[in-house]
Amino acid sequence: MGAALQSTTPRVTRRAQTRLGIALIAPLMLLVAVFFLFPLGNAIYYSFVDFDGLNPTPPFVGLDNYTRMFADAEMWHALGNNVIWIVLGTAIPLVIGLVQALLLWNVRHAGIYYRLAFFLPYVLPQVAIGIVWGWIYNPVNGWVNKTLEALGLGGLATGWLGNPDTAFYAVMATAIWSITGFVLIIFLSALRNVDLEQMDASRLDGVNAGQQLRYIILPQIMPVFLMVTTVTLVGGFQVFDIIFIMTGGGPANATNVMGTYAYTSAFQLSQISYGTTLALLITALSIPCAVALNRLQRRLSLQGTGA
Amino acid sequence: MKIPGMTLPASAAALALMISGCTGTAPTSEGDDGGTEQIRYLIEQPEDAETIELIEGDLATFEEQNPDIDVELEVMPLDSMRTVLQTQLRSGEGPDVFGWGSGPGYAGALAEAGLLYDLTAAYEEYDWPVYDFAKERVTSDGKLIGIPGDIETIGIFYNQNIFDELGIDQPENLSDLEAAAGRIDEAGITPFAISDKEGWQGGHLLSMALSSRIGPDGMDSLLAGETPWTSPDVVAALNTWDQFSSAGYLTEFPTALSYDDGNSLFYSGEAAILPTGSWLAPEIQNGVDFEVGYVPFPAEDGQGIFSGGLGSGPLVSANTANPEAAIKFLDYLMTPEHGRWTIENQSTIPPFPVDTEGVDTSPLFAQVVTDAAQIADGTGEFGYNIDVLTTDVFNDAMINGIQALLTDQKTAEEVAQDLETAFQAG
């Protein structure tokens, strides 16, 4: 028991392999250090000082930024909006994308055109999407209100992006429109690997569409489903650009999420340290979710339930 | 929502990168090999290419007069300037001369951080005849830290044709204005073209109502912290707009309307009154086919006073490699000839006396110039545009507070309390 196993590889070869390994990972580690670890360490440093963007030697304030953050009502409001975005902004694209993918699964003619049409919004820049949808929601000339009025539903017309009750959901609807095409394409790819013989056999056995989805399709595409869930869910934590473009977090902070609140604090109120602390909280909250979903996805893949 | 796996940590990383000064910068200005000194001149991005061409032409005139100085014009959106300017200046790679707000929250903050060149000696040497009130705004710790921006007033433009058709006289007090709004509303026209999507317009609404209500002394007292922002006058000024909103006198959904959208309603005659600043006078004059009047927002017992403010003016970086060239450039901007040029070509009012006789400009802007001259020479009272004199924290509270007021999220008293809290925090 006490005898250690001896490698049969010559020592010289092992050293060469070690050197080769280090040489191979060194560029990646350098990139990680420069573009991730250093900025992250820098961000952590700034969360413990009071940096206003001007003073080159900001005073050390310990945990002040953290205690302020947890006592800040606007932070909780913004975080609450993130949670709503994570739940609805993840669930709705998954459902719509899955339904679209199932509908397009067996489309033989013009399928490519459908896929292109649905995927196009995803490749458009978020800035362009935000601007165009801003016009669509315009209370004076936007076609949403115009359509409602044409349908005799003028009473429902509102200032979609200026009404605190609708602004957040109007922006979210835009984001869902833009990402659903991505979900669709991924699901369509996964559906190609579903066992068609099993589907045919189930049909002969009288299994209905809902049962096919639950017992045959979903288990086979589950790892892909989890991957898409991870992407959209993590996106809910860090959502920023579409809100910033469309409402800037307003009106009266109604559409603030952690990203826009961090930006406002750091760059508009010159409270760089506080903004950095908010950004670190987003990071700290999102990493466990992403890791958990990745592990679940890997486990299911190893169990062979993957597509 | 498009996120590859590691973007979350990267968001903090990106923020940290910006903090650590890894933003894009242009090369530091230095004298070149031909004996010509180069200075970089950064301004907020104008709305159209024509304005840039106009400024480039003006710079060419300066370069002709000063062949040993080459001015390189740079433009940047205001939001980007807010983000990168301080970092650039601190790193020593900022512009030599740049346009920035004149108030204590803008130029004053940069001066406190030691980022601005002290122009006190230059003022003495060149004897720049800047108006006293404007000079105060660019004075920090007893030093003159820049050239004040152009003079701007805030008041109300009104459609004279609609007023005439409805038999409404120019409002002499707040009751008149309210009565006029009622008659305009009854005629099926929106009384006030209010937009507040961007938020800054809300600060102007408060500035004009409050300035006329309490006058310059009252504004001084508020801004000095001697009177709290929860005072009845502040609440009443906020309530003025709240009541107009409740009465249906404002555009529908003002917080959903951009500044341009709101202005368009006035240009098209769909709204009769446009509360905004004098900077819009040339555009109004060129864009409408009806007569337009421009008056202060009325007080309860009189015609009220304009809110006066200063736009962005040229400042010099403390780290400039060519301070003499930069100051020569400022001196050019301060000449009477250049003052006339700005009035005629840019429709802005310089912060120093200019002989406007024979100046080629529109009647509406000529009236604005006359009003501003009374402010400038001390013969007329004027209030303040609050947001250039207060901190970012206060302005944030004001922007959000008035949006909340216009969308019935908060009462005037609650907004006033938020303002007081922000004022104390700032």
# chains A, B, ... in the order shown; residues from 1 in each chain; ligands from 1
$ residues_around --residues "A:Asp50" --least-positions-apart "5" --cutoff "6 Å" --atoms "only C-alpha atoms" --output "VMD selection string"
chain A and resid 58 to 59 273
$ write_last_selection --atoms "C-alpha atoms" --output "short mmCIF file (atom, residue, chain, number, x, y, z; two decimals), in the first residue's frame"
data_model
loop_
_atom_site.label_atom_id
_atom_site.label_comp_id
_atom_site.auth_asym_id
_atom_site.auth_seq_id
_atom_site.Cartn_x
_atom_site.Cartn_y
_atom_site.Cartn_z
CA PRO A 58 -9.14 57.98 -3.05
CA PRO A 59 -9.61 57.41 0.68
CA SER A 273 -16.69 53.18 -6.35
#
$ interface_residues --of "chain A" --to "chain B" --cutoff "8 Å" --atoms "only C-alpha atoms" --output "PyMOL selection string"
chain A and resi 35-36+39-40+42-43+53-55+138-139+158-164+175+179+231-232+234-239+247+250-253+267-270+272+276+279-280+282-283+286-287+290
$ residues_around --residues "A:Cys289" --least-positions-apart "4" --cutoff "9 Å" --atoms "only C-alpha atoms" --output "ChimeraX atom specification"
/A:230,233-234,285,293-294
$ write_last_selection --atoms "C-alpha atoms" --output "PDB file, in the first residue's frame"
ATOM      1  CA  THR A 230     -28.225  29.653 -18.986  1.00  0.00           C
ATOM      2  CA  LEU A 233     -30.854  33.797 -17.578  1.00  0.00           C
ATOM      3  CA  VAL A 234     -27.383  35.261 -17.244  1.00  0.00           C
ATOM      4  CA  LEU A 285     -25.201  36.835  -8.067  1.00  0.00           C
ATOM      5  CA  LEU A 293     -26.882  25.317 -14.747  1.00  0.00           C
ATOM      6  CA  ASN A 294     -23.623  24.332 -16.463  1.00  0.00           C
TER       7      ASN A 294
END
$ residues_around --residues "stretch 125-131 of chain A" --least-positions-apart "4" --cutoff "9 Å" --atoms "only C-alpha atoms" --output "ChimeraX atom specification"
/A:121,135-136,171,174-175,178,241-246
$ write_last_selection --atoms "N, CA and C atoms" --output "CSV table (one decimal), in the first residue's frame"
chain,number,residue,atom,x,y,z
A,121,PRO,N,-33.6,39.5,-36.1
A,121,PRO,CA,-33.6,40.4,-35.0
A,121,PRO,C,-32.4,40.2,-34.1
A,135,TRP,N,-39.2,54.4,-31.8
A,135,TRP,CA,-40.2,55.0,-32.7
A,135,TRP,C,-41.5,54.3,-32.7
A,136,ILE,N,-41.4,52.9,-32.7
A,136,ILE,CA,-42.7,52.2,-32.7
A,136,ILE,C,-43.6,52.5,-31.5
A,171,VAL,N,-40.0,47.6,-22.8
A,171,VAL,CA,-38.6,47.3,-23.2
A,171,VAL,C,-38.3,45.8,-23.2
A,174,THR,N,-39.4,44.2,-26.3
A,174,THR,CA,-38.4,44.4,-27.4
A,174,THR,C,-37.3,43.4,-27.3
A,175,ALA,N,-36.8,43.2,-26.1
A,175,ALA,CA,-35.7,42.3,-25.8
A,175,ALA,C,-36.1,40.9,-26.2
A,178,SER,N,-36.1,40.3,-29.8
A,178,SER,CA,-34.8,40.2,-30.4
A,178,SER,C,-34.0,38.9,-30.1
A,241,ASP,N,-27.9,47.4,-22.2
A,241,ASP,CA,-27.9,48.2,-23.4
A,241,ASP,C,-29.3,48.6,-23.9
A,242,ILE,N,-30.2,47.6,-24.0
A,242,ILE,CA,-31.5,47.9,-24.5
A,242,ILE,C,-32.3,48.9,-23.7
A,243,ILE,N,-32.1,48.7,-22.3
A,243,ILE,CA,-32.8,49.6,-21.4
A,243,ILE,C,-32.1,51.0,-21.5
A,244,PHE,N,-30.8,51.0,-21.5
A,244,PHE,CA,-30.1,52.3,-21.6
A,244,PHE,C,-30.5,53.1,-22.8
A,245,ILE,N,-30.6,52.4,-23.9
A,245,ILE,CA,-31.0,53.1,-25.2
A,245,ILE,C,-32.4,53.6,-25.2
A,246,MET,N,-33.3,52.7,-24.7
A,246,MET,CA,-34.8,53.0,-24.8
A,246,MET,C,-35.3,53.9,-23.8
$ atom_distance --atom1 "atom CA of B:Glu165" --atom2 "atom CA of B:Val295"
19.0 Å
$ closest_residue --among "B:Asp176, B:Asp242, B:Glu124, B:Glu226" --to "B:Phe297" --atoms "only C-alpha atoms"
B:Asp176
$ residues_around --residues "B:Ala281" --least-positions-apart "6" --cutoff "10 Å" --atoms "only C-alpha atoms" --output "list in words"
Phe157, Gly287, Val292, Gly293, Tyr294, Ser347, Thr348, Ser362, Pro363, Leu364, Phe365, Ala366, Gln367 and Val368 of chain B
$ residues_around --residues "stretch 75-78 of chain A" --least-positions-apart "4" --cutoff "6 Å" --atoms "only C-alpha atoms" --output "list of chain:residue names"
A:Asn256, A:Val257, A:Met258
$ write_last_selection --atoms "N, CA and C atoms" --output "PDB file, in the first residue's frame"
ATOM      1  N   ASN A 256     -35.102  51.038 -14.089  1.00  0.00           N
ATOM      2  CA  ASN A 256     -33.727  50.800 -13.630  1.00  0.00           C
ATOM      3  C   ASN A 256     -33.501  49.315 -13.339  1.00  0.00           C
ATOM      4  N   VAL A 257     -32.398  48.795 -13.827  1.00  0.00           N
ATOM      5  CA  VAL A 257     -31.907  47.475 -13.415  1.00  0.00           C
ATOM      6  C   VAL A 257     -30.503  47.699 -12.857  1.00  0.00           C
ATOM      7  N   MET A 258     -29.898  46.650 -12.366  1.00  0.00           N
ATOM      8  CA  MET A 258     -28.595  46.825 -11.722  1.00  0.00           C
ATOM      9  C   MET A 258     -27.570  47.434 -12.683  1.00  0.00           C
TER      10      MET A 258
END
$ atom_distance --atom1 "atom CA of A:Gly259" --atom2 "atom CA of A:Thr90"
17.3 Å
$ closest_residue --among "A:Val207, A:Ile176, A:Leu226, A:Leu104" --to "A:Val291" --atoms "only C-alpha atoms"
A:Leu226
$ select_by_dssp --residues "stretch 46-287 of chain B" --states "alpha helix (DSSP H)" --output "PyMOL selection string"
chain B and resi 49-65+78-91+109-112+120-126+132-137+160-165+174-186+200-223+232-246+259-267+281-287
$ write_last_selection --atoms "C-alpha atoms" --output "compact mmCIF listing (two decimals), in the first residue's frame"
# COMPACT_ATOMS: atom_id res chain seq x y z
CA ALA B 49 -22.60 68.56 -40.12
CA GLU B 50 -23.24 72.15 -41.21
CA THR B 51 -22.42 73.41 -37.74
CA ILE B 52 -19.16 71.49 -37.76
CA GLU B 53 -18.28 73.03 -41.12
CA LEU B 54 -19.12 76.44 -39.71
CA ILE B 55 -16.80 75.93 -36.76
CA GLU B 56 -14.05 74.55 -38.97
CA GLY B 57 -14.33 77.67 -41.09
CA ASP B 58 -14.01 79.79 -37.97
CA LEU B 59 -10.93 77.84 -36.90
CA ALA B 60 -9.44 78.37 -40.36
CA THR B 61 -9.87 82.12 -39.86
CA PHE B 62 -7.98 81.87 -36.57
CA GLU B 63 -5.21 79.84 -38.20
CA GLU B 64 -4.86 82.43 -40.95
CA GLN B 65 -4.41 85.11 -38.32
CA LEU B 78 -21.99 64.81 -24.50
CA ASP B 79 -22.55 61.47 -22.75
CA SER B 80 -19.16 60.24 -23.95
CA MET B 81 -17.51 63.43 -22.79
CA ARG B 82 -19.00 62.91 -19.35
CA THR B 83 -17.47 59.45 -19.30
CA VAL B 84 -14.00 59.98 -20.68
CA LEU B 85 -13.09 63.63 -20.30
CA GLN B 86 -11.96 63.44 -16.68
CA THR B 87 -9.93 60.32 -17.35
CA GLN B 88 -8.27 61.91 -20.37
CA LEU B 89 -7.43 65.09 -18.51
CA ARG B 90 -6.00 63.21 -15.57
CA SER B 91 -3.88 60.98 -17.76
CA ALA B 109 -15.30 70.20 -10.13
CA LEU B 110 -12.46 69.89 -12.66
CA ALA B 111 -10.69 72.88 -11.09
CA GLU B 112 -10.96 71.32 -7.63
CA THR B 120 -6.19 84.52 -13.92
CA ALA B 121 -3.01 85.95 -15.41
CA ALA B 122 -4.40 85.63 -18.93
CA TYR B 123 -7.51 87.60 -17.94
CA GLU B 124 -5.24 90.37 -16.66
CA GLU B 125 -2.94 90.31 -19.66
CA TYR B 126 -5.67 90.34 -22.31
CA ASP B 132 -19.20 90.08 -13.87
CA PHE B 133 -22.02 87.61 -13.22
CA ALA B 134 -20.57 85.27 -15.84
CA LYS B 135 -17.06 85.64 -14.46
CA GLU B 136 -18.32 84.50 -11.06
CA ARG B 137 -19.37 81.19 -12.57
CA GLN B 160 -49.07 84.46 -31.35
CA ASN B 161 -51.53 83.43 -34.07
CA ILE B 162 -53.37 81.03 -31.78
CA PHE B 163 -53.42 83.63 -29.03
CA ASP B 164 -54.84 86.22 -31.47
CA GLU B 165 -57.45 83.84 -32.87
CA LEU B 174 -49.76 83.18 -13.52
CA SER B 175 -53.56 83.41 -13.39
CA ASP B 176 -53.55 84.84 -16.90
CA LEU B 177 -51.42 81.96 -18.09
CA GLU B 178 -53.71 79.42 -16.48
CA ALA B 179 -56.77 81.12 -17.97
CA ALA B 180 -55.08 81.17 -21.37
CA ALA B 181 -54.28 77.47 -21.07
CA GLY B 182 -57.94 76.78 -20.27
CA ARG B 183 -59.16 78.63 -23.35
CA ILE B 184 -56.59 76.96 -25.58
CA ASP B 185 -57.60 73.58 -24.21
CA GLU B 186 -61.28 74.32 -24.86
CA TRP B 200 -33.36 67.51 -18.09
CA GLN B 201 -36.34 69.46 -19.33
CA GLY B 202 -37.92 68.94 -15.92
CA GLY B 203 -35.17 71.00 -14.34
CA HIS B 204 -36.02 73.86 -16.66
CA LEU B 205 -39.71 73.64 -15.79
CA LEU B 206 -38.87 73.99 -12.12
CA SER B 207 -36.26 76.69 -12.79
CA MET B 208 -38.65 78.99 -14.62
CA ALA B 209 -41.60 78.56 -12.26
CA LEU B 210 -39.46 78.91 -9.15
CA SER B 211 -37.34 81.82 -10.41
CA SER B 212 -40.42 83.87 -11.23
CA ARG B 213 -42.04 82.96 -7.94
CA ILE B 214 -39.22 83.84 -5.56
CA GLY B 215 -36.96 86.08 -7.64
CA PRO B 216 -33.18 86.14 -7.71
CA ASP B 217 -32.80 86.66 -3.96
CA GLY B 218 -34.97 83.67 -3.21
CA MET B 219 -33.01 81.57 -5.67
CA ASP B 220 -29.74 82.71 -4.13
CA SER B 221 -31.02 81.70 -0.72
CA LEU B 222 -32.06 78.25 -1.93
CA LEU B 223 -28.81 77.61 -3.77
CA PRO B 232 -43.63 76.21 0.51
CA ASP B 233 -42.41 78.16 -2.52
CA VAL B 234 -40.62 75.16 -4.00
CA VAL B 235 -43.67 73.00 -3.35
CA ALA B 236 -45.90 75.63 -4.95
CA ALA B 237 -43.65 75.86 -8.03
CA LEU B 238 -43.79 72.09 -8.41
CA ASN B 239 -47.53 72.14 -7.83
CA THR B 240 -47.97 74.62 -10.67
CA TRP B 241 -46.87 71.99 -13.16
CA ASP B 242 -48.69 69.24 -11.30
CA GLN B 243 -51.93 71.19 -11.50
CA PHE B 244 -51.41 71.97 -15.20
CA SER B 245 -50.86 68.26 -15.72
CA SER B 246 -53.97 67.29 -13.78
CA TYR B 259 -37.41 67.08 -26.68
CA ASP B 260 -37.64 67.01 -30.48
CA ASP B 261 -41.09 65.41 -30.36
CA GLY B 262 -42.34 68.03 -27.95
CA ASN B 263 -40.94 70.86 -30.03
CA SER B 264 -42.55 69.38 -33.14
CA LEU B 265 -45.96 69.69 -31.54
CA PHE B 266 -45.34 73.43 -31.14
CA TYR B 267 -43.94 73.82 -34.66
CA ALA B 281 -35.24 80.74 -30.96
CA PRO B 282 -33.39 80.45 -34.32
CA GLU B 283 -34.83 77.01 -34.99
CA ILE B 284 -38.33 78.20 -34.09
CA GLN B 285 -37.97 81.25 -36.29
CA ASN B 286 -36.85 79.14 -39.23
CA GLY B 287 -39.25 76.27 -38.64
$ select_by_dssp --residues "stretch 35-179 of chain B" --states "strand (DSSP E)" --output "PyMOL selection string"
chain B and resi 37-44+69-76+97-101+139-140+143-144+151-159
$ write_last_selection --atoms "N, CA and C atoms" --output "CSV table (one decimal), in the first residue's frame"
chain,number,residue,atom,x,y,z
B,37,GLU,N,2.7,75.2,-33.7
B,37,GLU,CA,2.2,74.5,-32.5
B,37,GLU,C,0.8,74.0,-32.7
B,38,GLN,N,0.5,72.8,-32.3
B,38,GLN,CA,-0.8,72.3,-32.5
B,38,GLN,C,-1.6,72.2,-31.2
B,39,ILE,N,-2.8,72.6,-31.2
B,39,ILE,CA,-3.7,72.4,-30.0
B,39,ILE,C,-4.9,71.6,-30.5
B,40,ARG,N,-5.3,70.8,-29.5
B,40,ARG,CA,-6.6,70.0,-29.8
B,40,ARG,C,-7.7,70.7,-29.1
B,41,TYR,N,-8.8,70.9,-29.8
B,41,TYR,CA,-10.0,71.6,-29.3
B,41,TYR,C,-11.2,70.7,-29.4
B,42,LEU,N,-11.6,70.3,-28.2
B,42,LEU,CA,-12.7,69.3,-28.1
B,42,LEU,C,-14.0,70.0,-27.7
B,43,ILE,N,-15.1,69.7,-28.5
B,43,ILE,CA,-16.4,70.3,-28.2
B,43,ILE,C,-17.5,69.2,-28.3
B,44,GLU,N,-18.6,69.5,-27.7
B,44,GLU,CA,-19.7,68.6,-27.7
B,44,GLU,C,-20.2,68.5,-29.2
B,69,ILE,N,0.0,78.5,-35.3
B,69,ILE,CA,-0.9,77.7,-34.5
B,69,ILE,C,-1.8,76.9,-35.4
B,70,ASP,N,-1.9,75.6,-35.1
B,70,ASP,CA,-2.8,74.7,-35.8
B,70,ASP,C,-3.8,74.1,-34.8
B,71,VAL,N,-5.1,74.4,-35.1
B,71,VAL,CA,-6.1,73.9,-34.2
B,71,VAL,C,-6.8,72.7,-34.8
B,72,GLU,N,-6.7,71.6,-34.0
B,72,GLU,CA,-7.4,70.3,-34.5
B,72,GLU,C,-8.7,70.2,-33.7
B,73,LEU,N,-9.8,70.2,-34.5
B,73,LEU,CA,-11.1,70.1,-33.9
B,73,LEU,C,-11.5,68.7,-33.7
B,74,GLU,N,-12.0,68.4,-32.5
B,74,GLU,CA,-12.5,67.1,-32.1
B,74,GLU,C,-13.9,67.3,-31.6
B,75,VAL,N,-14.8,66.4,-31.9
B,75,VAL,CA,-16.2,66.4,-31.4
B,75,VAL,C,-16.5,65.1,-30.7
B,76,MET,N,-17.3,65.2,-29.8
B,76,MET,CA,-17.7,64.0,-29.0
B,76,MET,C,-19.1,64.1,-28.4
B,97,VAL,N,-7.8,72.5,-25.3
B,97,VAL,CA,-8.9,73.4,-25.0
B,97,VAL,C,-10.2,72.6,-25.2
B,98,PHE,N,-11.2,72.7,-24.3
B,98,PHE,CA,-12.4,72.0,-24.5
B,98,PHE,C,-13.6,72.8,-24.0
B,99,GLY,N,-14.7,72.5,-24.6
B,99,GLY,CA,-15.9,73.2,-24.1
B,99,GLY,C,-16.6,72.4,-23.1
B,100,TRP,N,-16.9,73.0,-21.9
B,100,TRP,CA,-17.6,72.3,-20.8
B,100,TRP,C,-18.4,73.3,-20.0
B,101,GLY,N,-19.3,72.8,-19.2
B,101,GLY,CA,-20.2,73.6,-18.5
B,101,GLY,C,-19.5,74.6,-17.5
B,139,THR,N,-15.1,81.2,-11.6
B,139,THR,CA,-14.2,81.5,-10.5
B,139,THR,C,-14.2,80.4,-9.5
B,140,SER,N,-13.0,79.9,-9.2
B,140,SER,CA,-13.0,78.8,-8.2
B,140,SER,C,-11.7,79.1,-7.3
B,143,LYS,N,-9.5,81.8,-8.3
B,143,LYS,CA,-8.9,81.8,-9.6
B,143,LYS,C,-9.9,81.7,-10.7
B,144,LEU,N,-9.5,82.3,-11.9
B,144,LEU,CA,-10.4,82.3,-13.0
B,144,LEU,C,-10.0,81.0,-13.8
B,151,ILE,N,-24.6,83.0,-23.0
B,151,ILE,CA,-25.7,83.3,-22.2
B,151,ILE,C,-27.0,82.7,-22.7
B,152,GLU,N,-27.8,82.1,-21.9
B,152,GLU,CA,-29.0,81.5,-22.3
B,152,GLU,C,-30.1,81.9,-21.3
B,153,THR,N,-31.3,82.1,-21.8
B,153,THR,CA,-32.4,82.3,-20.9
B,153,THR,C,-33.5,81.2,-21.1
B,154,ILE,N,-34.3,81.1,-20.1
B,154,ILE,CA,-35.4,80.1,-20.2
B,154,ILE,C,-36.7,80.8,-19.9
B,155,GLY,N,-37.6,80.6,-20.8
B,155,GLY,CA,-38.9,81.2,-20.7
B,155,GLY,C,-39.9,80.4,-21.5
B,156,ILE,N,-41.0,81.1,-21.9
B,156,ILE,CA,-42.0,80.4,-22.7
B,156,ILE,C,-42.2,81.1,-24.1
B,157,PHE,N,-42.1,80.2,-25.1
B,157,PHE,CA,-42.4,80.7,-26.5
B,157,PHE,C,-44.0,80.4,-26.6
B,158,TYR,N,-44.6,81.3,-27.3
B,158,TYR,CA,-46.1,81.1,-27.5
B,158,TYR,C,-46.4,81.4,-29.0
B,159,ASN,N,-47.4,80.7,-29.4
B,159,ASN,CA,-47.9,80.9,-30.8
B,159,ASN,C,-48.8,82.1,-30.8
